[in-house]
Amino acid sequence: MATSALRLENVDAFYGDSHVLQNVSFELGEARMLGLLGRNGAGKSTCMNVGMGLLAARRGEVSVFGEAVTKLSPELIAARGVALVPQGRRIFRSLTVRENLLVAGRKPGAGSKHAPWTMDTVFAMFPRLKERTSQMAAHLSGGEQQMLAIGRALMGNPRVLLMDEPSEGLAPQIVAEVMATIRKLKESGLSIVLVEQNPNLVFDVADDIVILNTGGVAVVSTPAALRQDDALLRQHLGVF
Amino acid sequence: MNFWIVLTVNSITFGGLLFLLASGFSLIFGLMRIPNLTHGSLFMLGAYVGGSIVIGLFGFKLNFWLAAVLASLTVAALGALIERFLLRQLPGDQLAQVLVTLGISFMAADFCLMVWGGDPMSVATPEGLGGFARAGGAVFPLYRLAIIAIAVVVAVALWLLLDRTRLGAMIRAGVDDPDMARVVGIRVSQLFTIVFALGAGLAAFAGIIGGPILSVYPGLDQDMLPLALLVVIIGGAGSLLGSFVGSILVGFIYNFGQALLPELAYFVLFLPMLLVLLLRPQGLFGRHVP
Ligand SMILES: Nc1ncnc2c1ncn2[C@@H]1O[C@H](COP(=O)(O)OP(=O)(O)O)[C@@H](O)[C@H]1O
Ligand SMILES: [Mg+2]
């Protein structure tokens, strides 16, 4: 891997006194997709929070395209080109669809190779949102809220996209739509971390896999290798 | 008959003043999650500073409206300083922030007593508004009607700011989910300063506008603060509509309570607050705090 888009190095993180991440290291390559797997409570969301600056690593380093961001606040990390689609979507419920996108708008950083995301291009990707521009986000369906959360992240014109369980709580058909979107984003050259509990969703799209177990990195591998290793999957993820 | 009409107009007038005071208090509460206990002091300071400019106490005289604007801007700047240099130093520590605002309110009270003394300062009704309007046998003081009009104009302006601009959407996003607001790149700490200054300026404006009917005296701050708190608890923190409805409600309860049940005025005033807290803790128009 020539450049790493996002790198966590020996990260320890705490919620109060509880030591949640222990010596976590992994690396997301440029224009690649890293699948981050693990059981409920393994520390996946905590990794995303550390990457986004919502939770400061107590030890270790976080860097974005080689630049240390360990102690930076979320708004500064966002300005470095990282965007988060958080678990549970967390759209701004009392804002309209349009306002959710509006407040997240940011021009792409210098040297960006892609056509910038604007409200129009987001609506072109999610036509269903376009029909609901002035609706309050709280009134959207779960799938629409997820699309809005993705659209909102894209409005920041990120180089690195962190997606925390985007399929959670969605009907299978909507999951397929969301996964198709994620595949498109990857093809556009975006570097993506995709957090999921279901490995089969991730194996189809990811280049690299990291499995967390109780706050530490248990496995670093690839979809092809892991597909052959049911025992390992069962050990760290339970039954699938 | 006339008694009820007068009482009603007084209630709406007082509600309008409360709205000017409480809308900023509510925004600050909604965004920063702290009850700003300096809000009564900012109201009183606005009244003292504005009143002093009107009577030329600082060596220059301005007409009432210019004095009101200048006093509001001065207090808004003071608010920005308090936020930047005191509250900002205690990020995330809401208890400490509340205590700081409490400390500042005591200091401000002492400061006002030192500068303006213990005697009430009366503020003359602005020129041209000293008269009365007559309609169907009832008589309305023009100035009280003007206060109502001003409150409505400010309410509409605030609504346009919050509802129709990107800055307003950002503030609402910050009230909704401050962490996610930061994640999408909104500088929530800058919003804090802007909102705090805006709230301070509005409180000061309410103070000077209210001067001609309330006069200005030591203790005015502690008379007004609980009312702002009441409005926000009843209406819901961070909701402009909640502040508006809450202010009018409290204006009525306060005036009717004082007129009809003077010995129980505080009981009548705070009973609705208890009911709202018990039955709908987020306030009439507030959202559940996550
Ligand atoms: N805000 C929090 N405060 C305290 N503990 C937390 C908090 N969030 C998560 N945890 C704990 O940290 C561990 C990892 O959680 P998380 O990163 O959310 O796991 P995952 O996303 O893999 O399900 C869990 O044991 C969880 O209970
Ligand atoms: Mg999680």
# chains A, B, ... in the order shown; residues from 1 in each chain; ligands from 1

call {"tool": "residues_near_ligand", "arguments": {"ligand": "ligand 2", "cutoff": "7 Å", "atoms": "only C-alpha atoms and all ligand atoms", "output": "MDAnalysis selection string"}}
result
chainID A and resid 40:41 43:45 87 164

call {"tool": "interface_residues", "arguments": {"of": "chain A", "to": "chain B", "cutoff": "9 Å", "atoms": "only C-alpha atoms", "output": "PyMOL selection string"}}
result
chain A and resi 52-54+73-79+82-84+86+90-95+99-100+102-106+152-153+155-156

call {"tool": "write_last_selection", "arguments": {"atoms": "N, CA, C and O atoms", "output": "short mmCIF file (atom, residue, chain, number, x, y, z; two decimals), in the first residue's frame"}}
result
data_model
loop_
_atom_site.label_atom_id
_atom_site.label_comp_id
_atom_site.auth_asym_id
_atom_site.auth_seq_id
_atom_site.Cartn_x
_atom_site.Cartn_y
_atom_site.Cartn_z
N MET A 52 -12.79 9.82 13.91
CA MET A 52 -13.49 11.07 13.63
C MET A 52 -13.16 12.15 14.65
O MET A 52 -13.54 13.31 14.47
N GLY A 53 -12.47 11.77 15.73
CA GLY A 53 -12.13 12.76 16.74
C GLY A 53 -13.19 12.96 17.81
O GLY A 53 -13.07 13.84 18.65
N LEU A 54 -14.24 12.12 17.76
CA LEU A 54 -15.28 12.25 18.80
C LEU A 54 -14.78 11.73 20.13
O LEU A 54 -15.27 12.13 21.19
N SER A 73 -10.08 18.05 16.89
CA SER A 73 -11.53 17.97 17.14
C SER A 73 -12.24 17.46 15.87
O SER A 73 -11.68 17.53 14.78
N PRO A 74 -13.45 16.96 16.02
CA PRO A 74 -14.18 16.44 14.86
C PRO A 74 -14.28 17.45 13.71
O PRO A 74 -14.12 17.08 12.54
N GLU A 75 -14.52 18.73 14.05
CA GLU A 75 -14.70 19.68 12.94
C GLU A 75 -13.40 19.88 12.16
O GLU A 75 -13.42 20.08 10.95
N LEU A 76 -12.27 19.77 12.85
CA LEU A 76 -10.99 19.90 12.13
C LEU A 76 -10.67 18.63 11.36
O LEU A 76 -10.09 18.69 10.27
N ILE A 77 -11.04 17.49 11.91
CA ILE A 77 -10.82 16.24 11.17
C ILE A 77 -11.73 16.21 9.94
O ILE A 77 -11.31 15.78 8.86
N ALA A 78 -12.95 16.72 10.09
CA ALA A 78 -13.85 16.83 8.93
C ALA A 78 -13.19 17.71 7.87
O ALA A 78 -13.25 17.40 6.67
N ALA A 79 -12.53 18.77 8.31
CA ALA A 79 -11.88 19.67 7.35
C ALA A 79 -10.69 18.99 6.67
O ALA A 79 -10.29 19.40 5.58
N VAL A 82 -12.38 13.81 6.32
CA VAL A 82 -12.98 12.58 6.84
C VAL A 82 -14.46 12.83 7.10
O VAL A 82 -14.82 13.89 7.62
N ALA A 83 -15.29 11.88 6.72
CA ALA A 83 -16.72 12.01 7.00
C ALA A 83 -17.21 10.71 7.62
O ALA A 83 -16.67 9.65 7.35
N LEU A 84 -18.23 10.85 8.45
CA LEU A 84 -18.76 9.69 9.18
C LEU A 84 -20.24 9.52 8.89
O LEU A 84 -21.01 10.48 8.95
N PRO A 86 -22.77 7.73 10.87
CA PRO A 86 -22.71 7.10 12.19
C PRO A 86 -23.71 5.97 12.35
O PRO A 86 -24.70 5.91 11.62
N ARG A 90 -28.36 9.11 12.95
CA ARG A 90 -28.21 10.41 13.62
C ARG A 90 -28.30 11.60 12.67
O ARG A 90 -27.49 12.53 12.73
N ILE A 91 -29.27 11.55 11.79
CA ILE A 91 -29.55 12.73 10.98
C ILE A 91 -30.12 13.81 11.90
O ILE A 91 -30.55 13.51 13.01
N PHE A 92 -30.07 15.06 11.45
CA PHE A 92 -30.64 16.14 12.27
C PHE A 92 -32.15 16.09 12.13
O PHE A 92 -32.71 16.50 11.10
N ARG A 93 -32.80 15.57 13.13
CA ARG A 93 -34.21 15.19 13.00
C ARG A 93 -35.14 16.37 12.80
O ARG A 93 -36.16 16.25 12.13
N SER A 94 -34.81 17.51 13.38
CA SER A 94 -35.74 18.63 13.27
C SER A 94 -35.41 19.52 12.07
O SER A 94 -36.05 20.53 11.85
N LEU A 95 -34.39 19.13 11.28
CA LEU A 95 -34.09 19.86 10.06
C LEU A 95 -34.74 19.15 8.88
O LEU A 95 -34.98 17.95 8.93
N GLU A 99 -31.98 20.93 4.49
CA GLU A 99 -31.13 21.57 5.50
C GLU A 99 -30.07 20.61 6.03
O GLU A 99 -28.94 21.02 6.31
N ASN A 100 -30.42 19.33 6.16
CA ASN A 100 -29.43 18.34 6.58
C ASN A 100 -28.22 18.36 5.64
O ASN A 100 -27.08 18.23 6.08
N LEU A 102 -27.52 20.92 3.51
CA LEU A 102 -26.99 22.28 3.47
C LEU A 102 -25.93 22.52 4.54
O LEU A 102 -24.86 23.07 4.27
N VAL A 103 -26.24 22.12 5.77
CA VAL A 103 -25.31 22.44 6.86
C VAL A 103 -24.01 21.65 6.75
O VAL A 103 -23.01 22.02 7.37
N ALA A 104 -24.03 20.57 5.97
CA ALA A 104 -22.84 19.73 5.88
C ALA A 104 -21.99 20.07 4.66
O ALA A 104 -20.94 19.46 4.46
N GLY A 105 -22.43 21.04 3.86
CA GLY A 105 -21.73 21.35 2.62
C GLY A 105 -20.33 21.89 2.86
O GLY A 105 -20.10 22.70 3.75
N ARG A 106 -19.40 21.38 2.06
CA ARG A 106 -18.02 21.87 2.15
C ARG A 106 -17.39 21.67 0.77
O ARG A 106 -17.60 20.66 0.12
N ARG A 152 -25.45 13.31 3.48
CA ARG A 152 -24.90 14.36 4.34
C ARG A 152 -23.39 14.21 4.45
O ARG A 152 -22.65 15.20 4.36
N ALA A 153 -22.93 12.97 4.59
CA ALA A 153 -21.48 12.75 4.67
C ALA A 153 -20.80 13.15 3.35
O ALA A 153 -19.74 13.78 3.35
N MET A 155 -21.73 15.41 1.24
CA MET A 155 -21.73 16.86 1.06
C MET A 155 -20.45 17.50 1.57
O MET A 155 -20.10 18.61 1.17
N GLY A 156 -19.76 16.81 2.47
CA GLY A 156 -18.48 17.33 2.95
C GLY A 156 -17.33 17.04 1.98
O GLY A 156 -16.19 17.37 2.28
#

call {"tool": "residues_near_ligand", "arguments": {"ligand": "ligand 1", "cutoff": "9 Å", "atoms": "only C-alpha atoms and all ligand atoms", "output": "PyMOL selection string"}}
result
chain A and resi 14-21+37-49+87+164-165+195-197+212-215

call {"tool": "residues_around", "arguments": {"residues": "segment 271-276 of chain B", "least_positions_apart": "6", "cutoff": "9 Å", "atoms": "only C-alpha atoms", "output": "list of chain:residue names"}}
result
B:Leu230, B:Val231, B:Ile233, B:Ile234, B:Gln282, B:Gly283, B:Leu284

call {"tool": "write_last_selection", "arguments": {"atoms": "C-alpha atoms", "output": "PDB file, in the first residue's frame"}}
result
ATOM      1  CA  LEU B 230     -40.079  29.565  33.679  1.00  0.00           C
ATOM      2  CA  VAL B 231     -40.682  30.428  30.033  1.00  0.00           C
ATOM      3  CA  ILE B 233     -39.176  25.164  31.039  1.00  0.00           C
ATOM      4  CA  ILE B 234     -42.760  25.631  29.953  1.00  0.00           C
ATOM      5  CA  GLN B 282     -39.134  18.540  27.525  1.00  0.00           C
ATOM      6  CA  GLY B 283     -41.576  21.487  27.598  1.00  0.00           C
ATOM      7  CA  LEU B 284     -44.588  22.136  25.418  1.00  0.00           C
TER       8      LEU B 284
END

call {"tool": "closest_residue", "arguments": {"among": "A:Val11, A:Leu140, A:Ala31, A:Val202", "to": "Leu55 of chain A", "atoms": "only C-alpha atoms"}}
result
A:Val11

call {"tool": "atom_distance", "arguments": {"atom1": "atom CA of Ala96 of chain B", "atom2": "atom CA of Leu198 of chain B"}}
result
22.1 Å

call {"tool": "select_by_dssp", "arguments": {"residues": "segment 58-142 of chain A", "states": "strand (DSSP E)", "output": "list in words"}}
result
Arg59, Gly60, Glu61, Val62, Ser63, Val64, Glu67, Ala68, Val82, Ala83, Leu84 and Val85 of chain A

call {"tool": "select_by_dssp", "arguments": {"residues": "segment 136-227 of chain B", "states": "helix (DSSP H, G or I)", "output": "JSON, numbers by chain"}}
result
{"B": [142, 143, 144, 145, 146, 147, 148, 149, 150, 151, 152, 153, 154, 155, 156, 157, 158, 159, 160, 161, 162, 163, 164, 166, 167, 168, 169, 170, 171, 172, 173, 174, 175, 176, 178, 179, 180, 181, 182, 183, 188, 189, 190, 191, 192, 193, 194, 195, 196, 197, 198, 199, 200, 201, 202, 203, 204, 205, 206, 207, 208, 209, 210, 211, 212, 213, 214, 220, 221, 222, 223, 224, 225, 226, 227]}

call {"tool": "residues_around", "arguments": {"residues": "Ser215 of chain B", "least_positions_apart": "3", "cutoff": "9 Å", "atoms": "only C-alpha atoms", "output": "NGL selection string"}}
result
:B and (47 or 120-123 or 208 or 210-212 or 220)

call {"tool": "atom_distance", "arguments": {"atom1": "atom CA of Phe43 of chain B", "atom2": "atom CA of Trp4 of chain B"}}
result
28.6 Å

call {"tool": "residues_around", "arguments": {"residues": "Ala5 of chain A", "least_positions_apart": "6", "cutoff": "10 Å", "atoms": "only C-alpha atoms", "output": "list in words"}}
result
Glu27, Leu28, Gly29, Glu30, Ala31, Arg32, Ser63, Val64, Phe65, Gly66, Glu67, Gly81, Val82, Arg159, Val160, Leu161, Leu190, Ser191 and Ile192 of chain A

call {"tool": "write_last_selection", "arguments": {"atoms": "N, CA, C and O atoms", "output": "mmCIF file, in the first residue's frame"}}
result
data_model
loop_
_atom_site.group_PDB
_atom_site.id
_atom_site.type_symbol
_atom_site.label_atom_id
_atom_site.label_comp_id
_atom_site.auth_asym_id
_atom_site.auth_seq_id
_atom_site.Cartn_x
_atom_site.Cartn_y
_atom_site.Cartn_z
ATOM 1 N N GLU A 27 -4.979 -0.101 8.983
ATOM 2 C CA GLU A 27 -4.665 0.874 7.965
ATOM 3 C C GLU A 27 -5.639 0.743 6.808
ATOM 4 O O GLU A 27 -5.909 -0.370 6.352
ATOM 5 N N LEU A 28 -6.171 1.863 6.365
ATOM 6 C CA LEU A 28 -7.047 1.883 5.191
ATOM 7 C C LEU A 28 -6.249 2.466 4.033
ATOM 8 O O LEU A 28 -5.754 3.587 4.121
ATOM 9 N N GLY A 29 -6.104 1.674 2.960
ATOM 10 C CA GLY A 29 -5.342 2.167 1.810
ATOM 11 C C GLY A 29 -6.158 3.131 0.978
ATOM 12 O O GLY A 29 -7.390 3.116 1.002
ATOM 13 N N GLU A 30 -5.462 3.977 0.222
ATOM 14 C CA GLU A 30 -6.152 4.944 -0.628
ATOM 15 C C GLU A 30 -6.991 4.212 -1.672
ATOM 16 O O GLU A 30 -6.534 3.262 -2.293
ATOM 17 N N ALA A 31 -8.229 4.697 -1.825
ATOM 18 C CA ALA A 31 -9.178 4.138 -2.794
ATOM 19 C C ALA A 31 -9.518 2.678 -2.519
ATOM 20 O O ALA A 31 -9.953 1.957 -3.413
ATOM 21 N N ARG A 32 -9.299 2.247 -1.307
ATOM 22 C CA ARG A 32 -9.656 0.868 -0.955
ATOM 23 C C ARG A 32 -10.825 0.861 0.021
ATOM 24 O O ARG A 32 -11.204 1.905 0.555
ATOM 25 N N SER A 63 -3.759 8.973 11.875
ATOM 26 C CA SER A 63 -3.348 9.884 10.808
ATOM 27 C C SER A 63 -4.227 9.724 9.578
ATOM 28 O O SER A 63 -4.787 8.655 9.319
ATOM 29 N N VAL A 64 -4.374 10.835 8.854
ATOM 30 C CA VAL A 64 -5.181 10.881 7.635
ATOM 31 C C VAL A 64 -4.262 11.312 6.498
ATOM 32 O O VAL A 64 -3.667 12.390 6.564
ATOM 33 N N PHE A 65 -4.106 10.455 5.509
ATOM 34 C CA PHE A 65 -3.169 10.715 4.415
ATOM 35 C C PHE A 65 -1.823 11.197 4.956
ATOM 36 O O PHE A 65 -1.257 12.190 4.498
ATOM 37 N N GLY A 66 -1.347 10.486 5.957
ATOM 38 C CA GLY A 66 -0.009 10.742 6.473
ATOM 39 C C GLY A 66 0.094 11.876 7.472
ATOM 40 O O GLY A 66 1.137 12.094 8.087
ATOM 41 N N GLU A 67 -1.008 12.601 7.674
ATOM 42 C CA GLU A 67 -0.970 13.759 8.557
ATOM 43 C C GLU A 67 -1.596 13.375 9.905
ATOM 44 O O GLU A 67 -2.707 12.847 9.939
ATOM 45 N N GLY A 81 -10.935 16.080 5.544
ATOM 46 C CA GLY A 81 -11.497 15.195 4.530
ATOM 47 C C GLY A 81 -12.018 13.875 5.039
ATOM 48 O O GLY A 81 -12.100 12.912 4.284
ATOM 49 N N VAL A 82 -12.382 13.806 6.318
ATOM 50 C CA VAL A 82 -12.976 12.575 6.842
ATOM 51 C C VAL A 82 -14.456 12.833 7.104
ATOM 52 O O VAL A 82 -14.818 13.886 7.625
ATOM 53 N N ARG A 159 -12.440 12.592 1.602
ATOM 54 C CA ARG A 159 -11.511 11.654 0.961
ATOM 55 C C ARG A 159 -11.615 10.292 1.630
ATOM 56 O O ARG A 159 -11.270 9.267 1.053
ATOM 57 N N VAL A 160 -12.039 10.324 2.901
ATOM 58 C CA VAL A 160 -12.175 9.093 3.673
ATOM 59 C C VAL A 160 -13.597 9.042 4.219
ATOM 60 O O VAL A 160 -14.063 10.004 4.833
ATOM 61 N N LEU A 161 -14.272 7.937 3.979
ATOM 62 C CA LEU A 161 -15.641 7.805 4.459
ATOM 63 C C LEU A 161 -15.719 6.657 5.464
ATOM 64 O O LEU A 161 -15.341 5.532 5.157
ATOM 65 N N LEU A 190 -13.219 6.788 -3.616
ATOM 66 C CA LEU A 190 -13.266 7.133 -2.203
ATOM 67 C C LEU A 190 -12.649 6.002 -1.372
ATOM 68 O O LEU A 190 -12.825 4.825 -1.687
ATOM 69 N N SER A 191 -11.940 6.352 -0.319
ATOM 70 C CA SER A 191 -11.410 5.347 0.612
ATOM 71 C C SER A 191 -12.434 5.157 1.724
ATOM 72 O O SER A 191 -12.870 6.135 2.330
ATOM 73 N N ILE A 192 -12.810 3.900 1.965
ATOM 74 C CA ILE A 192 -13.972 3.645 2.831
ATOM 75 C C ILE A 192 -13.657 2.616 3.909
ATOM 76 O O ILE A 192 -13.036 1.593 3.628
#

call {"tool": "residues_around", "arguments": {"residues": "Ala265 of chain B", "least_positions_apart": "5", "cutoff": "12 Å", "atoms": "only C-alpha atoms", "output": "list in words"}}
result
Val250, Phe252, Ile253, Tyr254, Asn255, Phe256, Gly257, Gln258, Ala259, Leu260, Phe270 and Leu271 of chain B

call {"tool": "residues_around", "arguments": {"residues": "Phe140 of chain B", "least_positions_apart": "6", "cutoff": "10 Å", "atoms": "only C-alpha atoms", "output": "mmCIF file with C-alpha atoms, in the first residue's frame"}}
result
data_model
loop_
_atom_site.group_PDB
_atom_site.id
_atom_site.type_symbol
_atom_site.label_atom_id
_atom_site.label_comp_id
_atom_site.auth_asym_id
_atom_site.auth_seq_id
_atom_site.Cartn_x
_atom_site.Cartn_y
_atom_site.Cartn_z
ATOM 1 C CA ILE B 5 -58.885 44.621 28.874
ATOM 2 C CA VAL B 6 -56.138 46.550 30.595
ATOM 3 C CA VAL B 9 -52.919 44.244 27.326
ATOM 4 C CA ASN B 10 -50.518 44.383 30.240
ATOM 5 C CA GLY B 131 -50.120 58.982 24.728
ATOM 6 C CA PHE B 132 -53.045 56.618 24.525
ATOM 7 C CA ALA B 133 -55.006 54.912 21.844
ATOM 8 C CA ARG B 134 -58.751 54.669 22.304
#

call {"tool": "closest_residue", "arguments": {"among": "B:Ile194, B:Leu229, B:Leu241, B:Ala124", "to": "Asn63 of chain B", "atoms": "only C-alpha atoms"}}
result
B:Ala124
